[in-house]
file my_file_2.txt (compact mmCIF, C-alpha atoms)
# COMPACT_ATOMS: atom_id res chain seq x y z
CA MET A 1356 0.00 0.00 0.00
CA SER A 1357 1.23 3.45 -0.86
CA ALA A 1358 2.21 5.79 1.93
CA LEU A 1359 -0.39 8.22 0.57
CA THR A 1360 -3.21 6.04 1.81
CA GLU A 1361 -1.84 5.49 5.30
CA THR A 1362 -4.19 7.09 7.77
CA THR A 1363 -1.31 7.66 10.16
CA MET A 1364 0.38 10.13 7.83
CA PRO A 1365 0.06 13.64 9.29
CA GLU A 1366 -2.40 15.47 7.09
CA THR A 1367 -0.64 18.79 7.36
CA THR A 1368 2.19 17.44 5.24
CA LEU A 1369 0.00 16.40 2.32
CA SER A 1370 1.18 17.72 -1.02
CA ALA A 1371 -1.26 19.10 -3.59
CA ASP A 1372 -1.20 15.78 -5.47
CA ALA A 1373 -1.77 13.86 -2.26
CA VAL A 1374 -4.80 16.02 -1.47
CA LEU A 1375 -6.17 15.42 -4.96
CA PHE A 1376 -5.50 11.68 -4.72
CA GLU A 1377 -7.26 11.41 -1.37
CA THR A 1378 -10.19 13.50 -2.62
CA LEU A 1379 -10.58 11.29 -5.70
CA LEU A 1380 -10.52 8.14 -3.56
CA ARG A 1381 -13.25 9.53 -1.33
CA VAL A 1382 -15.53 10.31 -4.27
CA GLY A 1383 -14.66 7.18 -6.25
CA ASP A 1384 -14.85 4.73 -3.35
CA SER A 1385 -18.34 5.84 -2.34
CA ALA A 1386 -19.52 5.31 -5.93
CA LEU A 1387 -17.76 1.94 -6.15
CA ILE A 1388 -19.00 0.55 -2.86
CA LEU A 1389 -22.60 1.69 -3.30
CA GLY A 1390 -22.47 0.44 -6.89
CA HIS A 1391 -21.43 -2.98 -5.65
CA ARG A 1392 -24.11 -2.95 -2.96
CA VAL A 1393 -26.82 -2.12 -5.48
CA SER A 1394 -25.50 -4.78 -7.87
CA GLU A 1395 -26.25 -7.37 -5.19
CA TRP A 1396 -29.94 -6.97 -6.15
CA CYS A 1397 -29.24 -8.17 -9.67
CA GLY A 1398 -31.53 -11.14 -10.20
CA HIS A 1399 -33.20 -10.65 -6.79
CA ALA A 1400 -35.18 -7.40 -7.04
CA PRO A 1401 -38.92 -7.50 -6.30
CA THR A 1402 -39.94 -7.05 -9.94
CA LEU A 1403 -38.27 -7.42 -13.31
CA GLU A 1404 -38.55 -3.66 -13.90
CA GLU A 1405 -36.87 -2.88 -10.56
CA ASP A 1406 -34.19 -5.45 -11.23
CA ILE A 1407 -33.17 -3.76 -14.47
CA ALA A 1408 -33.43 -0.29 -12.94
CA GLN A 1409 -31.24 -1.26 -9.98
CA ALA A 1410 -28.68 -2.84 -12.29
CA ASN A 1411 -28.61 0.38 -14.34
CA VAL A 1412 -27.92 2.45 -11.23
CA ALA A 1413 -25.20 0.03 -10.14
CA LEU A 1414 -23.56 0.19 -13.55
CA ASP A 1415 -23.70 4.00 -13.55
CA LEU A 1416 -21.98 4.14 -10.16
CA ILE A 1417 -19.33 1.56 -11.04
CA GLY A 1418 -18.70 3.43 -14.30
CA GLN A 1419 -18.20 6.64 -12.36
CA ALA A 1420 -15.88 4.86 -9.92
CA THR A 1421 -13.79 3.64 -12.87
CA LEU A 1422 -13.28 7.24 -13.97
CA TRP A 1423 -12.56 8.61 -10.48
CA LEU A 1424 -10.19 5.80 -9.52
CA GLY A 1425 -8.52 5.89 -12.94
CA LEU A 1426 -7.72 9.55 -12.39
CA ALA A 1427 -6.65 8.83 -8.81
CA ALA A 1428 -4.19 6.20 -10.04
CA GLU A 1429 -2.85 8.62 -12.64
CA VAL A 1430 -2.38 11.35 -10.00
CA GLU A 1431 -0.71 8.88 -7.64
CA GLY A 1432 1.74 7.86 -10.35
CA ALA A 1433 2.71 4.67 -8.54
CA GLY A 1434 1.96 2.27 -11.37
CA ARG A 1435 -1.49 1.32 -10.11
CA ASP A 1436 -4.65 1.56 -12.19
CA ALA A 1437 -8.36 1.78 -11.33
CA ASP A 1438 -8.63 -2.01 -11.05
CA ALA A 1439 -5.66 -2.20 -8.68
CA LEU A 1440 -7.26 0.46 -6.49
CA ALA A 1441 -10.63 -1.28 -6.53
CA PHE A 1442 -9.52 -4.88 -6.10
CA ARG A 1443 -6.15 -4.80 -4.31
CA ARG A 1444 -6.81 -2.49 -1.38
CA ASP A 1445 -7.84 -3.71 2.06
CA ALA A 1446 -10.79 -2.24 3.94
CA GLY A 1447 -8.58 0.26 5.77
CA GLY A 1448 -7.54 1.77 2.45
CA PHE A 1449 -11.12 2.51 1.37
CA ARG A 1450 -12.44 6.05 1.74
CA ASN A 1451 -16.15 5.54 1.09
CA LEU A 1452 -18.93 6.91 3.27
CA LEU A 1453 -20.25 4.46 5.85
CA LEU A 1454 -23.70 5.07 4.32
CA ALA A 1455 -22.55 3.50 1.06
CA GLU A 1456 -21.40 0.24 2.65
CA GLN A 1457 -24.56 -0.40 4.71
CA PRO A 1458 -26.06 -3.79 3.80
CA ASN A 1459 -29.14 -3.94 1.57
CA ARG A 1460 -31.34 -5.70 4.15
CA ASP A 1461 -34.83 -5.16 2.73
CA PHE A 1462 -35.92 -3.10 -0.24
CA ALA A 1463 -36.89 -0.18 2.03
CA VAL A 1464 -33.33 0.14 3.36
CA THR A 1465 -31.97 -0.10 -0.18
CA VAL A 1466 -34.29 2.63 -1.44
CA MET A 1467 -33.78 4.93 1.56
CA ARG A 1468 -29.99 4.51 1.41
CA GLN A 1469 -30.08 5.36 -2.28
CA PHE A 1470 -32.16 8.48 -1.71
CA LEU A 1471 -30.05 9.81 1.18
CA PHE A 1472 -26.92 9.13 -0.89
CA ASP A 1473 -28.27 10.51 -4.19
CA ALA A 1474 -29.34 13.78 -2.57
CA TRP A 1475 -25.76 14.22 -1.26
CA HIS A 1476 -24.16 12.92 -4.45
CA ALA A 1477 -26.06 15.45 -6.59
CA GLU A 1478 -24.88 18.32 -4.38
CA LEU A 1479 -21.30 17.01 -4.38
CA LEU A 1480 -21.14 16.61 -8.15
CA ALA A 1481 -22.56 20.09 -8.70
CA GLY A 1482 -19.62 21.37 -6.66
CA LEU A 1483 -17.10 19.11 -8.39
CA ALA A 1484 -18.38 20.22 -11.81
CA ALA A 1485 -17.01 23.66 -10.89
CA SER A 1486 -13.63 22.24 -9.82
CA THR A 1487 -10.49 24.16 -10.71
CA ASP A 1488 -9.09 20.84 -11.96
CA PRO A 1489 -10.60 20.34 -15.44
CA ARG A 1490 -10.23 16.54 -15.21
CA VAL A 1491 -12.36 16.52 -12.07
CA ALA A 1492 -14.90 18.93 -13.59
CA GLU A 1493 -15.24 16.75 -16.69
CA ILE A 1494 -15.96 13.53 -14.81
CA ALA A 1495 -18.39 15.36 -12.53
CA ALA A 1496 -20.26 16.85 -15.48
CA LYS A 1497 -20.79 13.39 -16.94
CA ALA A 1498 -21.78 11.82 -13.63
CA ARG A 1499 -24.20 14.63 -12.77
CA LYS A 1500 -26.66 13.64 -15.47
CA GLU A 1501 -26.72 10.05 -14.29
CA VAL A 1502 -27.14 11.05 -10.68
CA ALA A 1503 -29.93 13.52 -11.47
CA TYR A 1504 -31.86 10.52 -12.75
CA HIS A 1505 -30.91 8.35 -9.75
CA LEU A 1506 -32.28 11.06 -7.48
CA ASP A 1507 -35.51 11.43 -9.48
CA ARG A 1508 -36.01 7.72 -9.20
CA SER A 1509 -35.15 7.28 -5.54
CA GLU A 1510 -37.37 10.25 -4.64
CA THR A 1511 -40.32 8.70 -6.45
CA LEU A 1512 -39.74 5.40 -4.65
CA VAL A 1513 -39.33 7.00 -1.21
CA ILE A 1514 -42.55 8.98 -1.65
CA GLY A 1515 -44.44 6.04 -3.14
CA LEU A 1516 -43.38 3.58 -0.43
CA GLY A 1517 -43.41 6.06 2.48
CA ASP A 1518 -46.90 7.28 1.60
CA GLY A 1519 -47.99 3.80 0.58
CA THR A 1520 -49.44 0.87 2.52
CA PRO A 1521 -49.08 0.57 6.33
CA GLU A 1522 -46.46 -2.13 5.72
CA SER A 1523 -44.39 -0.10 3.27
CA HIS A 1524 -44.66 3.01 5.47
CA ALA A 1525 -43.46 1.13 8.55
CA ARG A 1526 -40.53 -0.38 6.66
CA MET A 1527 -39.50 2.98 5.19
CA GLN A 1528 -39.70 4.64 8.61
CA ALA A 1529 -37.56 1.85 10.09
CA ALA A 1530 -35.09 2.23 7.22
CA LEU A 1531 -34.84 5.99 7.81
CA THR A 1532 -34.24 5.50 11.53
CA ARG A 1533 -31.60 2.84 10.82
CA LEU A 1534 -29.70 4.93 8.27
CA TRP A 1535 -30.02 8.40 9.78
CA PRO A 1536 -26.89 8.05 11.98
CA PHE A 1537 -24.84 7.77 8.78
CA THR A 1538 -26.06 11.09 7.37
CA GLY A 1539 -23.74 13.30 9.41
CA GLU A 1540 -20.50 11.95 7.98
CA PRO A 1541 -20.84 13.36 4.43
CA PHE A 1542 -20.76 16.89 5.82
CA ARG A 1543 -17.95 16.59 8.39
CA GLY A 1544 -14.75 17.67 6.70
CA ASP A 1545 -11.18 17.17 7.85
CA ALA A 1546 -7.83 18.78 6.96
CA THR A 1547 -7.77 17.05 3.57
CA ASP A 1548 -11.21 18.42 2.70
CA ALA A 1549 -10.17 21.88 3.83
CA ALA A 1550 -7.06 21.73 1.64
CA ALA A 1551 -9.13 20.49 -1.34
CA ALA A 1552 -11.69 23.26 -0.84
CA GLU A 1553 -8.92 25.84 -0.44
CA ALA A 1554 -7.41 24.73 -3.76
CA GLY A 1555 -10.85 24.80 -5.42
CA ILE A 1556 -10.62 21.09 -6.25
CA ALA A 1557 -13.73 20.08 -4.36
CA PRO A 1558 -16.52 21.81 -2.43
CA ASP A 1559 -16.32 22.16 1.34
CA PRO A 1560 -18.36 19.20 2.70
CA ALA A 1561 -20.24 21.39 5.19
CA ALA A 1562 -21.41 23.67 2.36
CA LEU A 1563 -23.36 20.75 0.84
CA GLU A 1564 -25.54 20.25 3.90
CA PRO A 1565 -28.17 23.01 3.50
CA GLY A 1566 -29.09 21.93 -0.04
CA TRP A 1567 -29.14 18.27 0.95
CA ARG A 1568 -31.19 18.92 4.06
CA ALA A 1569 -33.79 21.04 2.24
CA ARG A 1570 -34.31 18.34 -0.36
CA VAL A 1571 -34.40 15.48 2.13
CA GLU A 1572 -36.86 17.25 4.43
CA ALA A 1573 -39.19 18.10 1.54
CA VAL A 1574 -39.22 14.56 0.17
CA LEU A 1575 -39.57 12.88 3.56
CA ALA A 1576 -42.47 15.19 4.42
CA GLU A 1577 -44.22 14.22 1.19
CA ALA A 1578 -43.47 10.60 2.01
CA THR A 1579 -45.18 11.11 5.43
CA LEU A 1580 -41.98 9.97 7.14
CA THR A 1581 -40.66 11.46 10.37
CA LEU A 1582 -37.07 12.55 10.79
CA PRO A 1583 -35.48 10.95 13.85
CA ASP A 1584 -35.14 13.52 16.66
CA THR A 1585 -31.71 12.49 17.69
CA ALA A 1586 -29.06 10.18 16.46
CA ARG A 1587 -25.57 9.14 17.41
CA PHE A 1588 -23.93 10.18 14.19
CA ARG A 1589 -21.28 7.78 12.98
CA SER A 1590 -18.30 8.61 10.83
CA GLY A 1591 -14.88 7.27 9.93
CA GLY A 1592 -15.39 5.84 6.45
CA ARG A 1593 -13.67 8.74 4.76
CA SER A 1594 -10.54 8.15 6.80
CA GLY A 1595 -10.59 4.36 6.40
CA VAL A 1596 -12.38 3.35 9.61
CA HIS A 1597 -15.17 1.03 8.46
CA GLY A 1598 -17.71 -1.36 9.86
CA GLU A 1599 -17.71 -5.11 9.46
CA ALA A 1600 -20.04 -4.72 6.48
CA LEU A 1601 -17.28 -3.40 4.22
CA GLY A 1602 -14.96 -6.33 4.91
CA LEU A 1603 -17.69 -8.79 3.92
CA LEU A 1604 -18.46 -6.76 0.80
CA LEU A 1605 -14.80 -6.66 -0.24
CA ALA A 1606 -14.41 -10.39 0.37
CA GLU A 1607 -16.94 -10.96 -2.39
CA MET A 1608 -16.03 -8.04 -4.64
CA GLN A 1609 -12.30 -8.71 -4.59
CA PHE A 1610 -12.34 -12.51 -4.50
CA LEU A 1611 -11.47 -13.11 -8.13
CA GLN A 1612 -8.54 -10.70 -8.32
CA ARG A 1613 -7.23 -11.85 -4.95
CA ALA A 1614 -7.49 -15.56 -5.78
CA TYR A 1615 -6.38 -15.24 -9.40
CA PRO A 1616 -4.34 -12.03 -9.66
CA ASP A 1617 -4.44 -10.43 -13.11
CA ALA A 1618 -7.00 -12.98 -14.34
CA THR A 1619 -8.66 -11.89 -17.56
CA TRP A 1620 -11.47 -13.37 -19.60
CA MET B 473 -57.01 -2.19 -4.15
CA SER B 474 -55.17 -4.83 -6.12
CA SER B 475 -51.68 -5.58 -4.92
CA GLU B 476 -50.60 -6.15 -8.52
CA TRP B 477 -49.12 -3.21 -10.37
CA PRO B 478 -51.12 -2.34 -13.49
CA LEU B 479 -49.77 -3.01 -16.95
CA TRP B 480 -48.62 -0.11 -19.15
CA GLU B 481 -47.93 -0.03 -22.87
CA VAL B 482 -44.74 1.79 -23.80
CA PHE B 483 -44.16 3.91 -26.89
CA ILE B 484 -40.71 5.26 -27.74
CA ARG B 485 -39.75 7.89 -30.26
CA GLY B 486 -36.42 6.79 -31.69
CA GLN B 487 -33.48 9.07 -32.34
CA HIS B 488 -34.29 9.43 -36.02
CA GLY B 489 -37.95 8.50 -36.28
CA LEU B 490 -40.86 10.90 -36.21
CA ASN B 491 -43.47 8.67 -34.60
CA HIS B 492 -43.65 7.02 -31.23
CA ARG B 493 -43.63 3.28 -31.79
CA HIS B 494 -44.99 0.62 -29.51
CA VAL B 495 -42.02 -1.23 -28.02
CA GLY B 496 -43.60 -3.39 -25.34
CA SER B 497 -45.23 -3.29 -21.96
CA LEU B 498 -44.31 -3.30 -18.30
CA HIS B 499 -45.73 -3.09 -14.79
CA ALA B 500 -45.59 0.05 -12.65
CA PRO B 501 -47.58 1.51 -9.74
CA SER B 502 -47.96 4.98 -11.29
CA ALA B 503 -47.53 6.84 -14.56
CA GLU B 504 -44.36 8.48 -13.27
CA MET B 505 -42.84 5.14 -12.31
CA ALA B 506 -43.97 3.69 -15.64
CA ILE B 507 -41.95 6.37 -17.45
CA GLN B 508 -38.94 5.68 -15.24
CA ASN B 509 -39.24 1.92 -15.68
CA ALA B 510 -39.64 2.38 -19.44
CA ARG B 511 -36.48 4.47 -19.46
CA ASP B 512 -34.62 1.71 -17.65
CA VAL B 513 -36.08 -1.22 -19.55
CA TYR B 514 -36.40 0.11 -23.10
CA THR B 515 -33.85 2.92 -23.58
CA ARG B 516 -30.67 1.37 -22.17
CA ARG B 517 -28.97 1.43 -25.56
CA ASN B 518 -29.85 4.98 -26.50
CA GLU B 519 -33.00 3.96 -28.36
CA GLY B 520 -35.13 6.95 -27.62
CA VAL B 521 -35.67 10.67 -27.25
CA SER B 522 -39.21 10.56 -25.91
CA ILE B 523 -41.41 8.09 -24.03
CA TRP B 524 -45.18 7.70 -23.87
CA VAL B 525 -46.89 5.29 -21.53
CA VAL B 526 -50.56 4.43 -21.39
CA ARG B 527 -52.46 2.06 -19.14
CA SER B 528 -53.11 -1.11 -21.09
CA ASN B 529 -56.65 -1.06 -19.68
CA ASP B 530 -57.25 2.29 -21.37
CA ILE B 531 -56.65 0.86 -24.81
CA THR B 532 -59.77 -0.25 -26.61
CA ALA B 533 -58.94 -3.00 -29.05
CA SER B 534 -60.88 -4.49 -31.93
CA ALA B 535 -62.15 -7.97 -31.24
CA PRO B 536 -60.46 -10.80 -33.15
CA SER B 537 -63.92 -12.23 -33.86
CA ASP B 538 -64.78 -9.04 -35.75
CA LYS B 539 -61.93 -9.60 -38.15
CA GLY B 540 -64.30 -10.66 -40.93
CA PRO B 541 -66.71 -7.72 -40.88
CA LEU B 542 -63.95 -5.21 -40.17
CA PHE B 543 -61.29 -6.14 -42.68
CA GLU B 544 -62.50 -8.58 -45.29
CA PRO B 545 -64.71 -6.18 -47.26
CA SER B 546 -61.65 -4.13 -48.24
CA ASN B 547 -60.08 -7.21 -49.83
CA ALA B 548 -62.41 -6.89 -52.77
CA LYS B 549 -61.78 -3.18 -53.33
CA VAL B 550 -58.53 -3.21 -55.22
CA TYR B 551 -59.43 0.16 -56.81
CA ARG B 552 -58.53 1.76 -53.48
CA HIS B 553 -54.89 1.03 -54.22
CA PRO B 554 -53.24 3.62 -56.45
CA THR B 555 -52.08 0.98 -58.90
CA PHE B 556 -54.25 1.89 -61.87
CA PHE B 557 -52.44 5.00 -62.93
CA ASP B 558 -49.81 5.24 -65.61
CA ILE B 559 -46.81 6.96 -64.10
CA PRO B 560 -44.99 9.28 -66.51
CA ASP B 561 -41.40 8.22 -67.13
CA ASP B 562 -40.19 11.61 -65.89
CA VAL B 563 -41.40 10.81 -62.40
CA GLY B 564 -38.89 8.01 -62.16
CA HIS B 565 -39.04 5.31 -59.55
CA MET B 566 -41.83 5.63 -57.01
call {"tool": "encode", "arguments": {"input": "my_file_2.txt", "output": "structure tokens"}}
result
Amino acid sequence: MSALTETTMPETTLSADAVLFETLLRVGDSALILGHRVSEWCGHAPTLEEDIAQANVALDLIGQATLWLGLAAEVEGAGRDADALAFRRDAGGFRNLLLAEQPNRDFAVTVMRQFLFDAWHAELLAGLAASTDPRVAEIAAKARKEVAYHLDRSETLVIGLGDGTPESHARMQAALTRLWPFTGEPFRGDATDAAAAEAGIAPDPAALEPGWRARVEAVLAEATLTLPDTARFRSGGRSGVHGEALGLLLAEMQFLQRAYPDATW
Amino acid sequence: MSSEWPLWEVFIRGQHGLNHRHVGSLHAPSAEMAIQNARDVYTRRNEGVSIWVVRSNDITASAPSDKGPLFEPSNAKVYRHPTFFDIPDDVGHM
């Protein structure tokens, strides 16, 4: 593992490239891990239409991750490529949001996780599309269109299921309560985020919260769902401190490349 | 209320075509979701620029048993085809 990804490295010494590398991992890893999570529905979704739609979202996210991690590898300049970053890092090297790695459980959790993530993702990409780094701005501009659709879709599902049958409402409310503690992390920046914002590479995480919150509150109100009063907010994903869920996900996602390095077909 | 999602017929306007064409059907709980499902099911390979959906129940179809009265009489009316005109050579291939 490169020294750049060691969490023990003092952040104040990060070079401009190291800040960019870390920023790209954070964006790319969230897309990759959620993309893999969503792909787990392939062949198992409640209806054929949902199955195809979920697979499309997964493919969009994994496609975005390919671009972000490809650029990260290029910036790192250590001979790794996007595949090496995706399939040859251990859990501690991943920089995704904890929200992204949460298990699918039932369809309500999947849909709620997608909505909470999409609403943040759309805000983030709007900021990244204005990045001072044209490579970042270009990828963000492409991803924005895909994510605008993801958000449209997850909003419709949250409203339809929240304001649906007593069963669907109860499951959506339970999903919201379960996932809410993971909605603080996207907006808590650290020294790397501050350096990235200072350089104009990426938006300040805290600046994304008002837009996210307004959208989430409006949609949840329409969905007749109640925001949890309090929550013990959890974070750590963006600095490599993950839950058990990520290790299990990686065990499946990385199996082939770990067991048969450089296998092609 | 039925727990089954209703069936919708999907019409897509292709990139180069002028008309929406029927491409198939799918299930969805609402018109909005039907459009989104149609986008995901039928436009994955850049097939369309516009989508129409309509509840299958809202389509009134001719009955197969009426095929005789509806369509057979026109079989005997060949003069309705524009095949009895001499086309001037100048017109070329039509």
call {"tool": "residues_around", "arguments": {"input": "my_file_2.txt", "residues": "Asp1415 in chain A", "least_positions_apart": "4", "cutoff": "9 Å", "atoms": "all atoms listed in the file", "output": "NGL selection string"}}
result
:A and (1386 or 1390 or 1410-1411 or 1419-1420 or 1498 or 1501-1502)
call {"tool": "closest_residue", "arguments": {"input": "my_file_2.txt", "among": "A:Asn1451, A:Thr1487, A:Glu1429, A:Val1513", "to": "chain B", "atoms": "only C-alpha atoms"}}
result
A:Val1513
call {"tool": "interface_residues", "arguments": {"input": "my_file_2.txt", "of": "chain B", "to": "chain A", "cutoff": "8 Å", "atoms": "only C-alpha atoms", "output": "VMD selection string"}}
result
chain B and resid 498 to 499 504 to 505 508 to 509 512 to 513
call {"tool": "closest_residue", "arguments": {"input": "my_file_2.txt", "among": "A:Arg1444, A:Lys1500, A:Arg1587, A:His1476", "to": "Pro1560 in chain A", "atoms": "all atoms listed in the file"}}
result
A:His1476
call {"tool": "residues_near_point", "arguments": {"input": "my_file_2.txt", "point": "(-43.1, 5.0, -22.1)", "cutoff": "10 Å", "atoms": "only C-alpha atoms", "output": "VMD selection string"}}
result
chain B and resid 480 to 485 492 to 498 503 to 511 513 to 515 520 522 to 526
call {"tool": "closest_residue", "arguments": {"input": "my_file_2.txt", "among": "A:Leu1424, A:Ala1586, A:Val1393, A:Ala1441", "to": "Ile1494 in chain A", "atoms": "all atoms listed in the file"}}
result
A:Leu1424
call {"tool": "closest_residue", "arguments": {"input": "my_file_2.txt", "among": "A:Cys1397, A:Ala1437, A:Trp1423, A:Gly1447", "to": "Gly1602 in chain A", "atoms": "only C-alpha atoms"}}
result
A:Gly1447
call {"tool": "residues_near_point", "arguments": {"input": "my_file_2.txt", "point": "(-33.8, 3.7, -31.0)", "cutoff": "7 Å", "atoms": "all atoms listed in the file", "output": "ChimeraX atom specification"}}
result
/B:486-487,518-520
call {"tool": "closest_residue", "arguments": {"input": "my_file_2.txt", "among": "A:Pro1401, A:Gly1517, A:Pro1458, A:Gly1482", "to": "Leu1604 in chain A", "atoms": "only C-alpha atoms"}}
result
A:Pro1458
call {"tool": "atom_distance", "arguments": {"input": "my_file_2.txt", "atom1": "CA of Ala1561 in chain A", "atom2": "CA of Pro1583 in chain A"}}
result
20.4 Å
call {"tool": "residues_around", "arguments": {"input": "my_file_2.txt", "residues": "Glu1572 in chain A", "least_positions_apart": "2", "cutoff": "12 Å", "atoms": "all atoms listed in the file", "output": "ChimeraX atom specification"}}
result
/A:1470-1471,1474,1510,1513-1514,1531,1564-1570,1574-1583
call {"tool": "write_last_selection", "arguments": {"input": "my_file_2.txt", "atoms": "C-alpha atoms", "output": "tab-separated table (two decimals), in the coordinates of the input"}}
result
chain	number	residue	atom	x	y	z
A	1470	PHE	CA	-32.16	8.48	-1.71
A	1471	LEU	CA	-30.05	9.81	1.18
A	1474	ALA	CA	-29.34	13.78	-2.57
A	1510	GLU	CA	-37.37	10.25	-4.64
A	1513	VAL	CA	-39.33	7.00	-1.21
A	1514	ILE	CA	-42.55	8.98	-1.65
A	1531	LEU	CA	-34.84	5.99	7.81
A	1564	GLU	CA	-25.54	20.25	3.90
A	1565	PRO	CA	-28.17	23.01	3.50
A	1566	GLY	CA	-29.09	21.93	-0.04
A	1567	TRP	CA	-29.14	18.27	0.95
A	1568	ARG	CA	-31.19	18.92	4.06
A	1569	ALA	CA	-33.79	21.04	2.24
A	1570	ARG	CA	-34.31	18.34	-0.36
A	1574	VAL	CA	-39.22	14.56	0.17
A	1575	LEU	CA	-39.57	12.88	3.56
A	1576	ALA	CA	-42.47	15.19	4.42
A	1577	GLU	CA	-44.22	14.22	1.19
A	1578	ALA	CA	-43.47	10.60	2.01
A	1579	THR	CA	-45.18	11.11	5.43
A	1580	LEU	CA	-41.98	9.97	7.14
A	1581	THR	CA	-40.66	11.46	10.37
A	1582	LEU	CA	-37.07	12.55	10.79
A	1583	PRO	CA	-35.48	10.95	13.85
call {"tool": "atom_distance", "arguments": {"input": "my_file_2.txt", "atom1": "CA of Met1467 in chain A", "atom2": "CA of Ala1413 in chain A"}}
result
15.3 Å
call {"tool": "residues_around", "arguments": {"input": "my_file_2.txt", "residues": "Leu1389 in chain A", "least_positions_apart": "2", "cutoff": "10 Å", "atoms": "all atoms listed in the file", "output": "CSV table (one decimal) with C-alpha atoms, keeping the file's coordinate frame"}}
result
chain,number,residue,atom,x,y,z
A,1384,ASP,CA,-14.8,4.7,-3.4
A,1385,SER,CA,-18.3,5.8,-2.3
A,1386,ALA,CA,-19.5,5.3,-5.9
A,1387,LEU,CA,-17.8,1.9,-6.2
A,1391,HIS,CA,-21.4,-3.0,-5.6
A,1392,ARG,CA,-24.1,-3.0,-3.0
A,1393,VAL,CA,-26.8,-2.1,-5.5
A,1394,SER,CA,-25.5,-4.8,-7.9
A,1395,GLU,CA,-26.2,-7.4,-5.2
A,1412,VAL,CA,-27.9,2.4,-11.2
A,1413,ALA,CA,-25.2,0.0,-10.1
A,1416,LEU,CA,-22.0,4.1,-10.2
A,1417,ILE,CA,-19.3,1.6,-11.0
A,1420,ALA,CA,-15.9,4.9,-9.9
A,1451,ASN,CA,-16.2,5.5,1.1
A,1452,LEU,CA,-18.9,6.9,3.3
A,1453,LEU,CA,-20.2,4.5,5.8
A,1454,LEU,CA,-23.7,5.1,4.3
A,1455,ALA,CA,-22.6,3.5,1.1
A,1456,GLU,CA,-21.4,0.2,2.6
A,1457,GLN,CA,-24.6,-0.4,4.7
A,1458,PRO,CA,-26.1,-3.8,3.8
A,1459,ASN,CA,-29.1,-3.9,1.6
A,1468,ARG,CA,-30.0,4.5,1.4
A,1469,GLN,CA,-30.1,5.4,-2.3
A,1472,PHE,CA,-26.9,9.1,-0.9
call {"tool": "closest_residue", "arguments": {"input": "my_file_2.txt", "among": "A:Ala1573, A:Ala1549, A:Leu1440, A:Leu1479", "to": "Val1491 in chain A", "atoms": "only C-alpha atoms"}}
result
A:Leu1479
call {"tool": "atom_distance", "arguments": {"input": "my_file_2.txt", "atom1": "CA of Asp538 in chain B", "atom2": "CA of Pro554 in chain B"}}
result
26.9 Å
call {"tool": "residues_around", "arguments": {"input": "my_file_2.txt", "residues": "range 1522-1526 of chain A", "least_positions_apart": "3", "cutoff": "8 Å", "atoms": "only C-alpha atoms", "output": "ChimeraX atom specification"}}
result
/A:1463-1464,1516-1519,1529-1530,1580
